[in-house]
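Pasted below: entry.cif, mmCIF, C-alpha atoms and all ligand atoms.
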```cif
data_protein
loop_
_atom_site.label_atom_id
_atom_site.label_comp_id
_atom_site.auth_asym_id
_atom_site.auth_seq_id
_atom_site.Cartn_x
_atom_site.Cartn_y
_atom_site.Cartn_z
CA MET S 9 -37.87 -6.84 -23.71
CA ARG S 10 -39.59 -3.57 -24.47
CA VAL S 11 -39.90 -0.13 -22.92
CA VAL S 12 -43.55 0.81 -22.74
CA SER S 13 -43.40 4.13 -20.94
CA LEU S 14 -40.91 6.64 -19.67
CA ASN S 15 -41.66 9.16 -16.99
CA VAL S 16 -39.01 11.78 -16.33
CA LYS S 17 -38.84 14.66 -13.90
CA ASN S 18 -36.02 17.21 -13.47
CA PHE S 19 -33.56 15.00 -15.30
CA ARG S 20 -31.03 17.37 -16.92
CA ASN S 21 -33.04 19.50 -19.37
CA LEU S 22 -36.05 17.12 -19.30
CA ILE S 23 -38.28 18.83 -16.80
CA GLU S 24 -41.45 16.79 -17.09
CA GLN S 25 -41.94 14.16 -19.75
CA ASN S 26 -44.26 11.20 -20.22
CA ILE S 27 -43.49 9.19 -23.30
CA SER S 28 -44.94 5.95 -24.60
CA PHE S 29 -42.84 3.75 -26.81
CA GLU S 30 -43.93 1.32 -29.48
CA LYS S 31 -42.74 -2.13 -30.45
CA GLY S 32 -40.05 -2.15 -33.12
CA LEU S 33 -38.34 1.05 -34.14
CA ASN S 34 -38.78 4.34 -32.27
CA VAL S 35 -36.97 7.33 -33.76
CA ILE S 36 -36.35 10.54 -31.84
CA THR S 37 -34.98 13.34 -33.96
CA GLY S 38 -33.73 16.70 -32.83
CA GLN S 39 -30.99 19.25 -33.34
CA ASN S 40 -27.86 19.16 -31.23
CA ALA S 41 -28.09 19.91 -27.52
CA GLN S 42 -31.88 19.40 -27.34
CA GLY S 43 -31.80 16.44 -24.93
CA LYS S 44 -31.51 13.30 -27.08
CA THR S 45 -28.63 11.81 -25.12
CA ASN S 46 -30.23 12.94 -21.86
CA LEU S 47 -33.32 10.92 -22.74
CA MET S 48 -31.25 7.82 -23.51
CA GLU S 49 -29.26 8.32 -20.33
CA SER S 50 -32.48 8.35 -18.29
CA ILE S 51 -33.54 4.98 -19.74
CA TYR S 52 -30.07 3.54 -19.19
CA LEU S 53 -30.24 4.67 -15.57
CA CYS S 54 -33.28 2.46 -15.01
CA SER S 55 -31.50 -0.49 -16.56
CA LEU S 56 -28.13 -0.30 -14.83
CA GLY S 57 -28.61 2.14 -11.97
CA LYS S 58 -25.98 4.46 -13.38
CA SER S 59 -25.22 6.76 -16.24
CA PRO S 60 -23.15 5.84 -19.29
CA ARG S 61 -21.41 9.20 -19.11
CA THR S 62 -20.99 10.40 -15.55
CA GLU S 63 -20.26 8.99 -12.12
CA LYS S 64 -21.86 11.99 -10.42
CA HIS S 65 -25.57 11.89 -9.64
CA LYS S 66 -25.63 15.60 -9.29
CA ASP S 67 -24.78 16.13 -12.96
CA MET S 68 -28.02 14.41 -13.93
CA ILE S 69 -30.27 16.60 -11.78
CA ASN S 70 -31.53 19.74 -13.47
CA TYR S 71 -29.34 22.69 -12.48
CA LYS S 72 -32.23 24.46 -10.81
CA LYS S 73 -33.73 21.48 -8.94
CA ASP S 74 -32.65 19.35 -6.01
CA PHE S 75 -33.86 15.96 -7.16
CA ALA S 76 -34.59 14.05 -10.34
CA ARG S 77 -36.82 11.05 -10.94
CA VAL S 78 -37.04 8.56 -13.78
CA SER S 79 -39.50 5.68 -14.06
CA THR S 80 -39.40 3.19 -16.88
CA GLY S 81 -42.30 0.84 -17.48
CA PHE S 82 -41.27 -2.19 -19.46
CA ASN S 83 -42.51 -5.50 -20.65
CA SER S 84 -40.45 -8.67 -20.53
CA ARG S 85 -41.01 -12.42 -20.76
CA PHE S 86 -41.95 -12.25 -17.09
CA GLY S 87 -44.66 -9.66 -17.58
CA ASP S 88 -44.92 -5.92 -16.96
CA ALA S 89 -42.78 -4.11 -14.44
CA GLU S 90 -41.56 -0.65 -13.54
CA ILE S 91 -38.20 0.54 -12.28
CA SER S 92 -37.88 3.98 -10.70
CA VAL S 93 -34.73 5.81 -9.77
CA VAL S 94 -34.72 8.98 -7.68
CA LEU S 95 -31.53 11.02 -7.53
CA PHE S 96 -30.73 13.52 -4.81
CA GLY S 97 -27.96 16.07 -4.72
CA ASN S 98 -26.88 15.30 -1.20
CA LYS S 99 -27.85 11.72 -0.41
CA LYS S 100 -27.85 8.26 -1.93
CA LYS S 101 -30.11 7.54 -4.88
CA SER S 102 -33.12 5.39 -4.27
CA VAL S 103 -34.19 2.64 -6.63
CA SER S 104 -37.43 0.69 -6.61
CA VAL S 105 -38.78 -2.18 -8.65
CA ASN S 106 -42.58 -2.21 -8.85
CA SER S 107 -42.60 0.37 -6.04
CA VAL S 108 -40.61 -1.92 -3.72
CA PRO S 109 -37.35 -0.23 -2.69
CA ILE S 110 -34.23 -2.24 -3.30
CA LEU S 111 -31.22 -2.04 -1.04
CA LYS S 112 -28.39 -3.21 -3.26
CA LEU S 113 -27.71 -2.27 -6.85
CA GLY S 114 -27.29 -5.98 -7.71
CA GLU S 115 -30.97 -6.55 -7.03
CA MET S 116 -32.07 -4.30 -9.86
CA LEU S 117 -29.83 -5.86 -12.49
CA GLY S 118 -31.33 -8.28 -14.97
CA TYR S 119 -34.91 -7.00 -14.82
CA PHE S 120 -34.57 -4.55 -17.61
CA ASN S 121 -31.76 -5.25 -20.07
CA THR S 122 -30.42 -2.76 -22.54
CA VAL S 123 -27.59 -2.51 -25.00
CA TYR S 124 -26.42 1.04 -25.55
CA PHE S 125 -24.51 2.15 -28.61
CA SER S 126 -23.14 5.67 -29.01
CA PRO S 127 -20.31 7.13 -31.09
CA ASP S 128 -18.14 6.86 -27.98
CA GLU S 129 -18.41 3.11 -28.23
CA ILE S 130 -15.66 3.03 -30.80
CA ARG S 131 -13.50 3.51 -27.72
CA LEU S 132 -14.27 -0.10 -27.02
CA ILE S 133 -11.92 -1.08 -29.77
CA LYS S 134 -9.51 1.85 -29.72
CA SER S 135 -8.99 2.81 -26.10
CA SER S 136 -7.48 1.25 -23.03
CA PRO S 137 -8.43 -2.24 -21.77
CA ASP S 138 -10.64 -0.66 -19.04
CA TYR S 139 -13.36 -0.10 -21.62
CA ARG S 140 -13.30 -3.69 -22.78
CA ARG S 141 -13.44 -5.03 -19.25
CA ARG S 142 -16.28 -2.67 -18.47
CA PHE S 143 -18.11 -3.89 -21.56
CA MET S 144 -17.87 -7.50 -20.34
CA ASP S 145 -18.72 -6.51 -16.79
CA ILE S 146 -21.87 -4.64 -17.81
CA ASP S 147 -23.17 -7.45 -20.00
CA LEU S 148 -22.36 -10.21 -17.58
CA SER S 149 -23.79 -8.32 -14.61
CA GLN S 150 -27.08 -7.95 -16.43
CA THR S 151 -27.39 -11.65 -17.14
CA ASP S 152 -25.65 -13.19 -14.13
CA LYS S 153 -26.05 -11.76 -10.63
CA ASN S 154 -23.35 -13.99 -9.18
CA TYR S 155 -20.94 -12.44 -11.62
CA PHE S 156 -21.86 -9.00 -10.33
CA TYR S 157 -21.40 -10.09 -6.71
CA SER S 158 -18.00 -11.65 -7.52
CA LEU S 159 -16.97 -8.43 -9.18
CA VAL S 160 -18.04 -6.30 -6.22
CA ALA S 161 -16.22 -8.63 -3.82
CA TYR S 162 -13.11 -8.71 -5.98
CA ASN S 163 -12.90 -4.94 -6.30
CA LYS S 164 -13.41 -4.48 -2.59
CA ILE S 165 -10.65 -6.92 -1.60
CA LEU S 166 -8.38 -5.51 -4.29
CA SER S 167 -8.79 -2.00 -3.01
CA GLN S 168 -8.14 -3.13 0.59
CA ARG S 169 -5.05 -4.98 -0.58
CA ASN S 170 -3.80 -1.89 -2.41
CA SER S 171 -4.39 0.29 0.67
CA LEU S 172 -2.44 -2.17 2.74
CA LEU S 173 0.43 -2.12 0.26
CA LYS S 174 0.52 1.64 0.58
CA SER S 175 0.27 1.69 4.34
CA SER S 176 3.37 -0.12 5.54
CA ASN S 177 7.11 0.06 5.01
CA ASN S 178 7.77 -3.46 6.14
CA ILE S 179 6.92 -6.18 3.66
CA ASP S 180 7.26 -8.99 6.21
CA SER S 181 4.65 -7.49 8.47
CA LEU S 182 2.17 -7.57 5.58
CA LYS S 183 2.61 -11.11 4.42
CA ASP S 184 0.31 -12.84 6.93
CA MET S 185 -2.46 -10.37 6.38
CA LEU S 186 -2.11 -10.52 2.62
CA PHE S 187 -2.22 -14.28 2.64
CA VAL S 188 -5.73 -14.31 4.12
CA TRP S 189 -7.03 -11.86 1.51
CA ASP S 190 -5.19 -13.35 -1.41
CA THR S 191 -6.98 -16.69 -1.13
CA GLN S 192 -10.36 -14.95 -1.43
CA LEU S 193 -9.10 -12.55 -4.09
CA ALA S 194 -7.80 -15.46 -6.16
CA LEU S 195 -11.10 -17.30 -5.86
CA GLU S 196 -13.18 -14.34 -7.06
CA CYS S 197 -10.62 -13.75 -9.80
CA ALA S 198 -11.00 -17.36 -10.99
CA ARG S 199 -14.80 -17.04 -11.03
CA ILE S 200 -14.66 -13.77 -12.98
CA VAL S 201 -12.18 -15.07 -15.55
CA THR S 202 -14.19 -18.27 -16.07
CA LYS S 203 -17.35 -16.31 -16.85
CA ARG S 204 -15.61 -13.75 -19.03
CA GLN S 205 -14.05 -16.54 -21.06
CA ALA S 206 -17.40 -18.23 -21.58
CA PHE S 207 -18.93 -14.89 -22.53
CA CYS S 208 -16.18 -14.17 -25.08
CA ASN S 209 -16.57 -17.65 -26.50
CA SER S 210 -20.27 -17.05 -27.17
CA LEU S 211 -19.58 -13.57 -28.46
CA LYS S 212 -16.85 -14.69 -30.81
CA ASP S 213 -18.93 -16.54 -33.41
CA TYR S 214 -21.74 -14.01 -33.41
CA ALA S 215 -19.25 -11.17 -33.80
CA ALA S 216 -17.48 -12.92 -36.66
CA ASP S 217 -20.83 -13.47 -38.43
CA ALA S 218 -21.98 -9.92 -37.90
CA HIS S 219 -18.67 -8.53 -39.04
CA LEU S 220 -18.74 -10.59 -42.22
CA ARG S 221 -22.20 -9.19 -42.94
CA VAL S 222 -21.43 -5.55 -42.25
CA SER S 223 -18.15 -5.67 -44.14
CA GLY S 224 -19.86 -7.21 -47.15
CA GLY S 225 -18.17 -10.61 -46.75
CA LYS S 226 -14.68 -9.20 -46.98
CA GLU S 227 -13.32 -9.31 -43.45
CA ASN S 228 -12.90 -11.86 -40.71
CA LEU S 229 -13.10 -10.59 -37.18
CA GLU S 230 -11.49 -12.65 -34.48
CA LEU S 231 -11.91 -12.00 -30.80
CA THR S 232 -9.72 -13.43 -28.04
CA TYR S 233 -9.91 -13.03 -24.29
CA ILE S 234 -6.44 -12.26 -22.92
CA THR S 235 -5.60 -13.25 -19.37
CA SER S 236 -2.63 -14.45 -17.36
CA ILE S 237 -4.95 -16.58 -15.22
CA THR S 238 -4.48 -19.97 -16.87
CA GLY S 239 -6.07 -23.28 -15.88
CA ASP S 240 -9.11 -25.29 -16.93
CA SER S 241 -11.13 -25.44 -13.74
CA ILE S 242 -11.93 -22.72 -11.23
CA ALA S 243 -9.63 -24.44 -8.73
CA GLU S 244 -6.74 -24.39 -11.20
CA LYS S 245 -7.34 -20.77 -12.04
CA GLN S 246 -7.50 -19.87 -8.37
CA GLN S 247 -4.16 -21.59 -7.86
CA THR S 248 -2.62 -19.68 -10.80
CA ALA S 249 -3.94 -16.39 -9.46
CA LEU S 250 -2.59 -17.15 -6.01
CA ASN S 251 0.81 -18.15 -7.38
CA LEU S 252 0.99 -14.92 -9.35
CA LEU S 253 0.10 -12.85 -6.29
CA LYS S 254 2.80 -14.61 -4.29
CA ALA S 255 5.44 -14.43 -7.03
CA ASN S 256 4.89 -10.71 -7.49
CA ILE S 257 4.62 -9.58 -3.90
CA LYS S 258 7.94 -7.76 -4.00
CA ARG S 259 7.02 -5.84 -7.10
CA ASP S 260 3.53 -5.08 -5.74
CA PHE S 261 5.12 -3.77 -2.59
CA GLU S 262 7.53 -1.55 -4.53
CA LEU S 263 4.84 -0.20 -6.82
CA ARG S 264 2.28 -0.17 -4.00
CA TYR S 265 -0.53 -1.72 -5.98
CA THR S 266 -1.52 -5.20 -7.14
CA THR S 267 0.02 -5.94 -10.51
CA THR S 268 -1.58 -9.30 -11.30
CA GLY S 269 -5.17 -10.50 -11.61
CA CYS S 270 -8.23 -10.09 -13.81
CA GLN S 271 -8.12 -6.29 -13.46
CA ARG S 272 -5.37 -6.55 -16.11
CA ASP S 273 -7.27 -8.68 -18.62
CA ASP S 274 -8.27 -7.59 -22.08
CA ILE S 275 -10.00 -8.60 -25.30
CA LYS S 276 -8.00 -8.62 -28.50
CA PHE S 277 -9.68 -7.99 -31.84
CA SER S 278 -8.08 -8.84 -35.14
CA VAL S 279 -9.38 -8.42 -38.66
CA ASN S 280 -7.92 -10.76 -41.25
CA GLY S 281 -5.19 -11.57 -38.75
CA VAL S 282 -4.21 -7.95 -38.02
CA ASP S 283 -4.72 -6.32 -34.62
CA VAL S 284 -7.55 -3.79 -35.18
CA ARG S 285 -6.72 -1.72 -32.15
CA GLU S 286 -3.17 -0.99 -33.24
CA PHE S 287 -3.32 -1.21 -37.01
CA GLY S 288 -6.98 -1.07 -38.05
CA SER S 289 -8.34 1.89 -40.00
CA GLN S 290 -10.95 4.10 -38.40
CA GLY S 291 -13.52 2.39 -40.64
CA GLN S 292 -12.46 -1.09 -39.52
CA GLN S 293 -12.59 -0.05 -35.90
CA ARG S 294 -16.06 1.32 -36.41
CA THR S 295 -17.25 -1.83 -38.19
CA SER S 296 -15.73 -3.96 -35.44
CA SER S 297 -17.50 -2.03 -32.71
CA LEU S 298 -20.77 -2.35 -34.62
CA ALA S 299 -20.24 -6.10 -35.06
CA LEU S 300 -19.56 -6.38 -31.37
CA LYS S 301 -22.82 -4.62 -30.52
CA LEU S 302 -24.80 -6.90 -32.81
CA ALA S 303 -23.09 -9.91 -31.25
CA GLU S 304 -23.96 -8.60 -27.80
CA LEU S 305 -27.64 -8.67 -28.76
CA SER S 306 -27.40 -12.29 -29.86
CA VAL S 307 -25.63 -13.34 -26.68
CA PHE S 308 -28.34 -11.69 -24.60
CA LYS S 309 -30.98 -13.54 -26.56
CA GLN S 310 -29.10 -16.80 -26.13
CA THR S 311 -28.64 -16.42 -22.37
CA THR S 312 -31.91 -14.81 -21.36
CA GLY S 313 -34.26 -15.97 -24.12
CA ASP S 314 -35.15 -12.36 -24.86
CA TYR S 315 -33.58 -9.53 -26.84
CA PRO S 316 -32.58 -6.52 -24.76
CA VAL S 317 -33.77 -3.05 -25.77
CA LEU S 318 -31.29 -1.62 -28.25
CA MET S 319 -30.55 2.05 -27.70
CA LEU S 320 -28.78 3.78 -30.55
CA ASP S 321 -27.69 7.26 -29.64
CA ASP S 322 -26.65 9.31 -32.63
CA VAL S 323 -24.71 6.52 -34.30
CA LEU S 324 -26.21 6.56 -37.79
CA SER S 325 -24.15 9.51 -39.00
CA GLU S 326 -21.04 7.43 -38.35
CA LEU S 327 -22.17 4.60 -40.60
CA ASP S 328 -22.74 4.39 -44.34
CA LEU S 329 -26.25 3.67 -45.59
CA ASN S 330 -25.63 -0.05 -45.98
CA ARG S 331 -24.43 -0.42 -42.39
CA GLN S 332 -27.33 1.71 -41.16
CA LYS S 333 -29.71 -0.74 -42.82
CA GLN S 334 -27.89 -3.75 -41.39
CA LEU S 335 -28.22 -2.30 -37.95
CA LEU S 336 -31.87 -1.33 -38.16
CA SER S 337 -33.03 -4.53 -39.78
CA PHE S 338 -31.12 -6.81 -37.42
CA ASN S 339 -34.22 -8.38 -35.97
CA ASN S 340 -37.86 -7.39 -36.13
CA ASP S 341 -38.68 -8.77 -32.69
CA MET S 342 -36.34 -6.35 -31.05
CA GLN S 343 -37.28 -2.90 -29.84
CA ILE S 344 -34.95 -0.12 -30.91
CA ILE S 345 -34.89 3.39 -29.50
CA LEU S 346 -32.87 5.56 -31.83
CA THR S 347 -31.85 9.20 -31.75
CA ALA S 348 -30.54 11.17 -34.70
CA THR S 349 -30.47 14.67 -36.07
CA HIS S 350 -32.25 13.24 -39.14
CA LEU S 351 -32.83 10.04 -41.08
CA GLU S 352 -31.52 9.47 -44.58
CA PRO S 353 -34.43 9.83 -47.05
CA GLU S 354 -34.01 6.24 -48.16
CA LEU S 355 -34.41 4.95 -44.62
CA GLU S 356 -37.28 7.31 -43.96
CA LYS S 357 -39.11 5.91 -46.99
CA ASN S 358 -38.48 2.23 -46.37
CA LEU S 359 -38.65 1.80 -42.63
CA GLN S 360 -41.68 1.53 -40.43
CA TYR S 361 -41.24 3.45 -37.23
CA LYS S 362 -42.81 5.67 -34.61
CA LYS S 363 -41.60 9.21 -34.92
CA TYR S 364 -40.85 11.70 -32.13
CA THR S 365 -39.13 15.05 -32.14
CA ILE S 366 -37.30 16.70 -29.28
CA THR S 367 -36.78 20.42 -28.83
CA GLU S 368 -35.34 22.01 -25.69
CA GLY S 369 -36.06 18.94 -23.61
CA LYS S 370 -39.64 18.54 -24.83
CA VAL S 371 -40.66 15.45 -26.77
CA ASN S 372 -43.55 15.50 -29.22
N1 LIG K 1 -27.99 19.08 -15.14
C1 LIG K 1 -28.50 19.72 -16.18
N2 LIG K 1 -29.52 20.61 -16.00
C2 LIG K 1 -30.06 21.27 -17.06
N3 LIG K 1 -29.65 21.12 -18.32
C3 LIG K 1 -28.65 20.27 -18.56
C4 LIG K 1 -28.03 19.52 -17.51
N4 LIG K 1 -27.06 18.75 -18.06
C5 LIG K 1 -27.08 19.00 -19.39
N5 LIG K 1 -28.03 19.92 -19.69
C6 LIG K 1 -28.37 20.45 -21.01
O1 LIG K 1 -28.73 19.40 -21.88
C7 LIG K 1 -28.41 19.77 -23.21
C8 LIG K 1 -27.64 18.67 -23.91
O2 LIG K 1 -28.43 17.59 -24.01
P1 LIG K 1 -27.98 16.31 -24.83
O3 LIG K 1 -28.99 15.29 -24.51
O4 LIG K 1 -26.56 15.96 -24.54
O5 LIG K 1 -28.11 16.84 -26.30
P2 LIG K 1 -28.22 16.05 -27.68
O6 LIG K 1 -29.61 16.28 -28.17
O7 LIG K 1 -27.23 16.72 -28.56
O8 LIG K 1 -27.90 14.62 -27.41
C9 LIG K 1 -27.56 21.02 -23.15
O9 LIG K 1 -28.35 22.08 -23.57
C10 LIG K 1 -27.19 21.12 -21.70
O10 LIG K 1 -27.05 22.43 -21.29
MG MG K 2 -26.23 13.46 -27.97
#
```

Could you quickly redo this structure as structure tokens?
Amino acid sequence: MRVVSLNVKNFRNLIEQNISFEKGLNVITGQNAQGKTNLMESIYLCSLGKSPRTEKHKDMINYKKDFARVSTGFNSRFGDAEISVVLFGNKKKSVSVNSVPILKLGEMLGYFNTVYFSPDEIRLIKSSPDYRRRFMDIDLSQTDKNYFYSLVAYNKILSQRNSLLKSSNNIDSLKDMLFVWDTQLALECARIVTKRQAFCNSLKDYAADAHLRVSGGKENLELTYITSITGDSIAEKQQTALNLLKANIKRDFELRYTTTGCQRDDIKFSVNGVDVREFGSQGQQRTSSLALKLAELSVFKQTTGDYPVLMLDDVLSELDLNRQKQLLSFNNDMQIILTATHLEPELEKNLQYKKYTITEGKVN
């Protein structure tokens, strides 16, 4: 997978830009607040239909304009294609693939795959389970549309169930209604958990390998998917999920939200047997998040036959020179788009790359 061209209009401080990217490593350097992250965000938007840093479309439109447009031309195993996203301040965004408008976000997923790594990604290890679920959801949605549709269905039923729990003061009047939804909720839950488990299983060995490499052979990273939805088959998992919903109905009613299900799941990371989230040093957390990103690339390659585009936004300064090298020499077949304030002289000397600079939203 490779980005060939990027066409941006009125996107944050990028007023009008046409950029061509090369195979291999592309390095965009610039001072702070010049538009490096904005540029990455615009590419990400064409991959996932949303921003890695805001839920609000309006934030991405230049302050003085009323729309923004991004088109990314890319090349994949299936040939050349282009995805365009137009954002409006006051109506829904419009997305098209090869100039054909698409109606549902799910339809755009999987065409153009990216893995995005920014300093915030250390949150993956350190912060609340939401981030880890989102990480799995983003990867799985890009490689498996049915996963995405299960997730959409699950979240919709879950939110209806929670509204219902809030709406009535009589638990008995709810039970019949809940029963109908719970069967469907439990089924989607079982499907989601099954796929997340398989994903974590693939990720596990790659992450352990990568971690061993970036820690210089000193540390073993172990990754475990944590869920209360037990069972081998989907049917067994569905039954477990349903039993949990039933067993906890009183508590759900008191708290007025659903307390069981895959929206509570998590991934646990340990290094040499110690929980990295709770007890790991900042350095170990950083190394673990890097290992996880490298593993993500391998899983993409394994499932789709193609590496995604790796986008590295300002992460080098967080890593020592050895880890920087590990990251940039991961695989020569993969395209990397990297932003930084500068490159270390040793990297600058030894790496082959296409160089760009960005100043006040203008790329040269
Ligand atoms: N909607 C917007 N319209 C115009 N400029 C914006 C908008 N959103 C952010 N900016 C500007 O973009 C710049 C920050 O860009 P960013 O890509 O985050 O910088 P960096 O190069 O440090 O990654 C700031 O100058 C900010 O004012
Ligand atoms: Mg930035």

Inset, instruction - Excluding range 197-213 of chain S and residues on its chain fewer than 3 positions from it, collect all residues at most 6 Å away from it, counting only C-alpha atoms, and give them as a ChimeraX atom specification. - result: /S:194,216,231,242,245-246,270,303

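Candidate residues S:Leu327, S:Val279, S:Leu351, S:Met48 were compared for distance to ligand MG 2 (chain K), and the nearest is S:Met48, using all atoms listed in the file.
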
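The residue that comes closest to Leu195 in chain S, out of S:Phe75, S:Phe125, S:Tyr162, S:Tyr315 and on the basis of only C-alpha atoms, is S:Tyr162.
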
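Taking all atoms listed in the file into account, ligand LIG 1 (chain K) lies nearest to S:Thr347 out of the set S:Thr347, S:Thr266, S:Ser92, S:Asn251.
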
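Comparing the minimum interatomic distances between ligand LIG 1 (chain K) and each of S:Val35, S:Glu49, S:Gln290, S:Met68, counting only C-alpha atoms and all ligand atoms, we find that S:Met68 sits nearest.
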
Inset, instruction - For ligand MG 2 (chain K), list the contacting residues at 10 Å or closer, counting all atoms listed in the file, as a list in words. - result: Gly38, Gln39, Asn40, Ala41, Gln42, Gly43, Lys44, Thr45, Asn46, Leu47, Met48, Glu49, Ser126, Pro127, Asp321, Asp322, Val323, Thr347, Ala348 and Thr349 of chain S

Inset, instruction - Just the residues within 12 Å of range 71-74 of chain S, please, counting all atoms listed in the file, with nothing from its chain fewer than 3 positions along; format it as a PyMOL selection string. - result: chain S and resi 17-23+65-68+77+94-99

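When all atoms listed in the file are used to measure the gap to Arg10 in chain S, the shortest distance among S:Glu24, S:Asp152, S:Asp88, S:Glu196 belongs to S:Asp88.
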
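Omitting Arg221 in chain S and its sequence neighbours fewer than 4 positions away, and counting all atoms listed in the file, the residues within 12 Å are Tyr214, Ala215, Ala216, Asp217, Gly225, Lys226, Glu227, Asn228, Leu229, Thr295, Ser296, Leu298, Ala299, Leu302, Ala303, Asn330, Arg331, Lys333, Gln334, Leu335 and Phe338 of chain S.
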
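Put simply, CA of Asp145 in chain S is 22.7 Å away from CA of Asp283 in chain S.
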
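With CA of Ile51 in chain S on one side and CA of Glu90 in chain S on the other, the separation reads 11.6 Å.
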
Legend entry - Spatial neighbours of Leu336 in chain S, max dist 10 Å, only C-alpha atoms, sep filter under 3 positions, as a VMD selection string: chain S and resid 32 to 33 318 320 324 331 to 333 339 to 340 342 344 346 355 359

Legend entry - Between CA of Tyr233 in chain S and CA of Val307 in chain S - distance in Å to one decimal: 15.9 Å

Inset, instruction - Would you kindly return, as number ranges by chain, each protein, DNA or RNA residue with an atom no farther than 8 Å from any atom of Met9 in chain S, considering only C-alpha atoms and excluding same-chain residues fewer than 4 positions away? - result: S: 82-85, 120-121, 314-317, 342-343

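Minimum atom-to-atom distances from S:Ala218, S:Met116, S:Leu56, S:Ile130 to Ile146 in chain S were compared using all atoms listed in the file, and the lowest value belongs to S:Leu56.
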
Enclose range 144-149 of chain S, meaning all of its atoms listed in the file, in a box aligned along x, y and z, pad it by 5 Å on each side, and list the centre and edge lengths in Å to one decimal, as JSON.
```
{"center_x": -20.8, "center_y": -7.4, "center_z": -17.5, "size_x": 15.9, "size_y": 15.6, "size_z": 15.7}
```
